[in-house]
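query.cif follows; it contains mmCIF, C-alpha atoms.
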```cif
data_query
loop_
_atom_site.label_atom_id
_atom_site.label_comp_id
_atom_site.auth_asym_id
_atom_site.auth_seq_id
_atom_site.Cartn_x
_atom_site.Cartn_y
_atom_site.Cartn_z
CA MET A 39 0.00 0.00 0.00
CA SER A 40 1.32 3.44 -0.88
CA PHE A 41 1.10 6.82 0.76
CA ASN A 42 0.28 9.03 -2.15
CA PRO A 43 -1.03 11.66 -2.23
CA ILE A 44 -0.05 12.94 1.23
CA ASP A 45 -3.17 13.49 3.33
CA VAL A 46 -2.18 16.60 5.27
CA LEU A 47 -4.45 17.52 8.17
CA PHE A 48 -2.43 20.47 9.49
CA GLU A 49 0.77 22.26 8.53
CA ASP A 50 2.63 25.38 9.64
CA ASN A 51 6.28 26.39 9.96
CA HIS A 52 6.93 23.96 12.80
CA LEU A 53 4.58 20.98 12.35
CA ILE A 54 3.03 18.75 9.74
CA ILE A 55 0.23 16.40 10.79
CA VAL A 56 -1.03 13.73 8.40
CA ASN A 57 -3.62 10.98 8.22
CA LYS A 58 -1.57 7.79 7.84
CA ASN A 59 -2.89 5.13 5.49
CA PRO A 60 -2.93 1.55 6.80
CA GLY A 61 0.13 -0.22 5.47
CA ALA A 62 2.32 2.87 5.46
CA LEU A 63 5.59 2.29 7.30
CA VAL A 64 6.51 5.23 9.53
CA GLN A 65 10.24 4.51 9.78
CA GLY A 66 12.55 2.05 8.04
CA ASP A 67 12.65 -1.63 8.97
CA LYS A 68 14.08 -4.85 7.59
CA THR A 69 11.64 -4.80 4.64
CA GLY A 70 13.46 -1.84 3.12
CA ASP A 71 10.11 -0.39 2.00
CA LYS A 72 9.81 3.33 1.38
CA THR A 73 8.61 5.05 4.54
CA LEU A 74 6.10 7.68 5.47
CA VAL A 75 9.03 9.87 6.54
CA ASP A 76 10.54 9.52 3.04
CA HIS A 77 7.26 10.49 1.38
CA ILE A 78 6.71 13.55 3.58
CA LYS A 79 10.29 14.74 3.08
CA GLU A 80 9.76 14.51 -0.68
CA PHE A 81 6.46 16.37 -0.33
CA LEU A 82 8.11 19.20 1.64
CA LYS A 83 11.13 19.36 -0.66
CA ASN A 84 8.91 19.70 -3.74
CA LYS A 85 6.38 22.06 -2.15
CA TYR A 86 8.98 24.54 -0.94
CA ASN A 87 11.65 23.93 -3.63
CA LYS A 88 14.23 23.02 -1.02
CA PRO A 89 17.73 22.50 -2.49
CA GLY A 90 18.69 19.94 0.18
CA ASP A 91 17.01 17.33 2.30
CA ALA A 92 13.94 18.53 4.24
CA TYR A 93 14.12 18.25 8.03
CA LEU A 94 11.51 15.99 9.59
CA GLY A 95 11.49 14.91 13.23
CA VAL A 96 9.66 11.75 14.29
CA ILE A 97 7.74 12.36 17.52
CA HIS A 98 5.65 9.20 17.80
CA ARG A 99 4.72 6.20 15.69
CA LEU A 100 1.75 4.11 14.59
CA ASP A 101 1.85 0.40 13.83
CA ARG A 102 2.12 -0.34 10.13
CA PRO A 103 -1.38 -1.89 9.73
CA THR A 104 -3.11 0.96 11.61
CA SER A 105 -4.30 4.28 10.25
CA GLY A 106 -4.85 7.77 11.56
CA VAL A 107 -3.37 11.00 12.80
CA ILE A 108 0.39 11.28 13.29
CA ILE A 109 2.47 14.36 14.13
CA PHE A 110 5.88 15.25 12.69
CA ALA A 111 8.15 18.18 13.54
CA LYS A 112 9.55 20.44 10.83
CA THR A 113 12.01 22.13 13.22
CA SER A 114 14.32 20.86 15.94
CA LYS A 115 12.68 23.27 18.41
CA ALA A 116 9.28 21.72 17.81
CA LEU A 117 10.71 18.20 18.05
CA THR A 118 12.37 18.84 21.42
CA ARG A 119 9.31 20.49 22.93
CA LEU A 120 6.83 17.90 21.66
CA ASN A 121 9.05 15.06 22.85
CA GLN A 122 8.86 16.64 26.29
CA GLN A 123 5.06 16.91 26.07
CA PHE A 124 4.85 13.21 25.22
CA LYS A 125 7.17 12.36 28.10
CA GLU A 126 5.00 14.37 30.49
CA ARG A 127 1.81 12.87 28.99
CA LYS A 128 0.43 16.25 28.00
CA ILE A 129 -0.72 15.08 24.56
CA ASP A 130 -4.19 13.50 24.51
CA LYS A 131 -4.66 10.71 21.96
CA LYS A 132 -7.94 9.00 21.13
CA TYR A 133 -8.21 5.86 19.04
CA TRP A 134 -11.24 4.14 17.53
CA ALA A 135 -11.23 0.37 17.20
CA ILE A 136 -13.66 -2.08 15.61
CA THR A 137 -13.67 -5.24 17.68
CA GLN A 138 -15.41 -8.56 18.05
CA LYS A 139 -18.39 -8.77 20.39
CA ASN A 140 -17.08 -11.01 23.13
CA THR A 141 -17.98 -9.42 26.45
CA GLU A 142 -20.82 -7.55 28.10
CA ILE A 143 -18.50 -4.96 29.68
CA LYS A 144 -18.68 -1.97 27.35
CA SER A 145 -16.45 0.52 29.18
CA GLY A 146 -13.69 0.52 31.73
CA LYS A 147 -10.06 1.17 32.62
CA LEU A 148 -7.28 -1.32 32.00
CA GLU A 149 -4.00 -1.43 33.87
CA ASN A 150 -1.62 -4.27 33.11
CA TRP A 151 2.05 -5.04 32.80
CA ILE A 152 3.28 -5.51 29.27
CA ILE A 153 6.40 -7.07 27.78
CA LYS A 154 7.59 -6.69 24.19
CA ASN A 155 9.04 -9.73 22.45
CA SER A 156 11.23 -8.19 19.76
CA LYS A 157 11.82 -11.46 17.90
CA GLN A 158 8.08 -11.99 17.48
CA ASN A 159 7.29 -8.27 17.22
CA LYS A 160 4.51 -8.90 19.71
CA SER A 161 3.66 -7.80 23.24
CA TYR A 162 2.33 -9.93 26.07
CA ILE A 163 0.09 -8.90 28.95
CA HIS A 164 0.68 -9.81 32.61
CA SER A 165 -1.56 -9.05 35.57
CA ASN A 166 1.44 -8.47 37.85
CA LYS A 167 4.83 -6.90 37.41
CA VAL A 168 7.42 -9.30 35.99
CA PRO A 169 11.06 -8.71 34.99
CA GLY A 170 11.29 -6.48 31.94
CA SER A 171 7.64 -5.41 32.01
CA LYS A 172 6.25 -1.87 31.83
CA VAL A 173 2.93 -0.60 33.14
CA ALA A 174 0.24 -0.11 30.47
CA LYS A 175 -2.87 2.00 31.10
CA LEU A 176 -5.84 2.92 28.95
CA GLU A 177 -9.55 3.71 29.12
CA TYR A 178 -12.20 2.47 26.70
CA GLN A 179 -15.88 2.99 26.07
CA LEU A 180 -18.50 1.80 23.61
CA ILE A 181 -19.45 4.24 20.87
CA LYS A 182 -21.76 2.07 18.76
CA GLU A 183 -22.82 -1.54 18.41
CA LEU A 184 -23.67 -3.47 15.24
CA LYS A 185 -24.75 -7.08 14.80
CA ASN A 186 -21.24 -8.52 14.64
CA TYR A 187 -18.94 -5.75 15.81
CA LEU A 188 -18.41 -3.00 18.36
CA LEU A 189 -16.89 0.43 17.85
CA LEU A 190 -14.81 1.43 20.85
CA GLU A 191 -13.07 4.66 21.74
CA VAL A 192 -9.73 4.19 23.47
CA ILE A 193 -7.80 6.84 25.39
CA LEU A 194 -4.17 6.00 26.02
CA GLU A 195 -2.47 6.97 29.25
CA THR A 196 0.76 5.19 28.39
CA GLY A 197 2.23 4.44 24.96
CA ARG A 198 3.60 0.92 24.88
CA HIS A 199 4.39 -1.36 21.95
CA HIS A 200 1.10 -2.78 20.56
CA GLN A 201 -0.58 -1.68 23.78
CA ILE A 202 -4.14 -1.22 22.54
CA ARG A 203 -4.04 -4.40 20.48
CA ALA A 204 -2.68 -6.52 23.32
CA GLN A 205 -4.78 -5.10 26.15
CA LEU A 206 -8.09 -5.20 24.29
CA SER A 207 -7.42 -8.73 23.06
CA GLU A 208 -6.71 -9.83 26.62
CA ILE A 209 -10.31 -9.02 27.65
CA GLY A 210 -11.95 -10.38 24.50
CA PHE A 211 -12.10 -7.24 22.37
CA ILE A 212 -10.12 -8.61 19.42
CA ILE A 213 -9.56 -5.95 16.78
CA LYS A 214 -10.97 -6.85 13.37
CA GLY A 215 -8.24 -8.10 11.04
CA ASP A 216 -5.56 -8.36 13.75
CA LEU A 217 -4.30 -11.91 13.24
CA LYS A 218 -1.38 -11.35 15.61
CA TYR A 219 -3.73 -10.78 18.54
CA GLY A 220 -6.45 -13.31 17.88
CA SER A 221 -8.52 -12.32 14.86
CA LYS A 222 -9.57 -15.37 12.84
CA ARG A 223 -9.52 -13.51 9.52
CA SER A 224 -7.35 -10.81 8.04
CA ASN A 225 -8.63 -7.74 6.21
CA LYS A 226 -8.24 -7.88 2.44
CA ASP A 227 -5.85 -4.92 2.41
CA GLY A 228 -3.74 -6.22 5.30
CA SER A 229 -4.93 -3.49 7.64
CA ILE A 230 -6.38 -3.82 11.12
CA ASP A 231 -9.39 -1.76 12.19
CA LEU A 232 -7.55 0.46 14.64
CA HIS A 233 -7.53 4.18 13.82
CA ALA A 234 -5.76 7.02 15.61
CA TYR A 235 -8.76 9.32 15.52
CA GLN A 236 -7.77 12.46 17.42
CA VAL A 237 -4.87 14.33 19.02
CA ILE A 238 -5.14 17.34 21.31
CA PHE A 239 -2.10 19.29 22.47
CA ASN A 240 -0.62 22.76 22.87
CA HIS A 241 1.42 23.94 19.92
CA PRO A 242 5.10 23.75 20.92
CA VAL A 243 5.84 27.28 19.68
CA THR A 244 2.61 29.32 19.47
CA LYS A 245 1.12 27.60 22.56
CA LYS A 246 -2.29 27.52 20.85
CA ASN A 247 -4.54 24.53 21.43
CA ILE A 248 -4.36 22.10 18.50
CA ASN A 249 -7.23 19.64 18.07
CA ILE A 250 -6.95 17.40 15.01
CA LYS A 251 -9.26 14.58 13.91
CA ALA A 252 -8.32 12.14 11.17
CA PRO A 253 -11.14 11.04 8.81
CA LEU A 254 -11.99 7.36 9.19
CA PRO A 255 -11.15 4.78 6.50
CA ARG A 256 -13.73 4.78 3.71
CA ARG A 257 -14.62 1.11 3.72
CA GLU A 258 -16.69 -1.42 5.61
CA PRO A 259 -17.39 -1.87 8.42
CA TRP A 260 -16.34 1.73 9.18
CA ASN A 261 -19.00 3.04 6.80
CA SER A 262 -21.74 1.11 8.60
CA PHE A 263 -20.79 2.59 11.95
CA LEU A 264 -21.09 6.09 10.54
CA CYS A 265 -24.61 5.47 9.25
CA ASP A 266 -27.46 6.58 11.49
#
```
Would you mind writing the structure in this file as structure tokens?
Amino acid sequence: MSFNPIDVLFEDNHLIIVNKNPGALVQGDKTGDKTLVDHIKEFLKNKYNKPGDAYLGVIHRLDRPTSGVIIFAKTSKALTRLNQQFKERKIDKKYWAITQKNTEIKSGKLENWIIKNSKQNKSYIHSNKVPGSKVAKLEYQLIKELKNYLLLEVILETGRHHQIRAQLSEIGFIIKGDLKYGSKRSNKDGSIDLHAYQVIFNHPVTKKNINIKAPLPRREPWNSFLCD
């Protein structure tokens, strides 16, 4: 899957915020595939006729099969300040997830201990602290229910590897298409139905409140959830 054209949600002298397509790779990995960073640098270089390489700072990441809003810094000042905001948990992130219907509990808070297995590129949930684990916290609530699926909103308090996917799966909310965490079938395009829907933060330079929502994927079952 390609990232073209660039779906820019917000841009100024210090930031560029885009809606990531599922399948787009944020940073390089062993596949050697062209990355989202590469595409945005090309976009900026062409847009502003830059003679050299465009600066682009990576502040946070999204898993390759997910979609949604992602922030990049166009200046080192913005990168440093936003990294600090993330560290201090001053950036609010909301995700929407389409999951299997497998429990009657439609809202709650989850706090677990999570361990990343780098060889498997997978994270495992533990109820108690174990060596190498990190605390993982999130809140979730039901937005809408269809015959076969639920639409949940998830608010992250911590940002761990595959946190939403692992924690929701642990309580029976398996994300549609997510074979790695229990889905029986993949999505045709290789995506999973997890979307970074919204970010809210103070601009690192102007200090203005920034509230960005990323349009949802235009396919089923997302379309059905948006119908009244």
Query raised in the report: Which residues match the PyMOL selection byres ((chain A and resi 60) around 7) in the file above, as a list in words?
Result: Lys58, Asn59, Gly61, Ala62, Arg102, Pro103, Thr104, Ser105 and Ser229 of chain A
Select from segment 189-217 of chain A every residue with an atom at most 12 Å from any atom of segment 236-240 of chain A, then for each give the shortest pair of atoms and their distance in Å to one decimal, using only C-alpha atoms, rows by chain and rising number, as a Markdown table.
```
| residue | atom | partner | partner_atom | distance |
| --- | --- | --- | --- | --- |
| A:Glu191 | CA | A:Gln236 | CA | 10.4 |
| A:Val192 | CA | A:Gln236 | CA | 10.4 |
| A:Ile193 | CA | A:Gln236 | CA | 9.8 |
| A:Leu194 | CA | A:Val237 | CA | 10.9 |
```
Report summary line: Among A:Ile212, A:Leu63, A:Leu254, A:Ala174, Tyr162 of chain A is approached most closely, using all atoms listed in the file, by A:Ala174
Report task. Report as a list in words the residues that result from applying the PyMOL selection byres ((chain A and resi 152) around 9) to the structure here. Result -> Asn150, Trp151, Ile153, Lys154, Ser161, Tyr162, Ile163, His164, Ser165, Lys167, Val168, Gly170, Ser171, Lys172, Val173, Ala174, Arg198, His199, Gln201, Ala204 and Gln205 of chain A
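If all atoms listed in the file are the atoms counted, then among A:Gln123, A:Asn51, A:Asn57, A:Asn87 the closest residue to Ala111 of chain A is A:Asn51.
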Query - Polymer residues at most 12 Å from (-6.0, 12.2, 23.0) by all atoms listed in the file, as a VMD selection string - result: chain A and resid 107 to 108 124 127 to 134 176 to 177 191 to 197 234 to 240 248 to 251
For Ile54 of chain A, find every residue with an atom within 7 Å (counting only C-alpha atoms), except residues of its own chain fewer than 2 positions away, and show them as an mmCIF file with C-alpha atoms, in the coordinates of the input.
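Below is the file that was written, result-v7.cif:
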```cif
data_model
loop_
_atom_site.group_PDB
_atom_site.id
_atom_site.type_symbol
_atom_site.label_atom_id
_atom_site.label_comp_id
_atom_site.auth_asym_id
_atom_site.auth_seq_id
_atom_site.Cartn_x
_atom_site.Cartn_y
_atom_site.Cartn_z
ATOM 1 C CA PHE A 48 -2.430 20.470 9.490
ATOM 2 C CA GLU A 49 0.770 22.260 8.530
ATOM 3 C CA ASP A 50 2.630 25.380 9.640
ATOM 4 C CA VAL A 56 -1.030 13.730 8.400
ATOM 5 C CA ILE A 109 2.470 14.360 14.130
ATOM 6 C CA PHE A 110 5.880 15.250 12.690
ATOM 7 C CA ALA A 111 8.150 18.180 13.540
ATOM 8 C CA LYS A 112 9.550 20.440 10.830
#
```
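Between atom CA of Ile202 of chain A and atom CA of His98 of chain A the separation is 15.1 Å.
Taking atom CA of Ile143 of chain A and atom CA of Gln179 of chain A as the two end points, the separation is 9.1 Å.
In this comparison, which uses only C-alpha atoms, the residue of A:His241, A:Arg119, A:Thr73, A:Asp231 approaching Arg257 of chain A most closely is A:Asp231.
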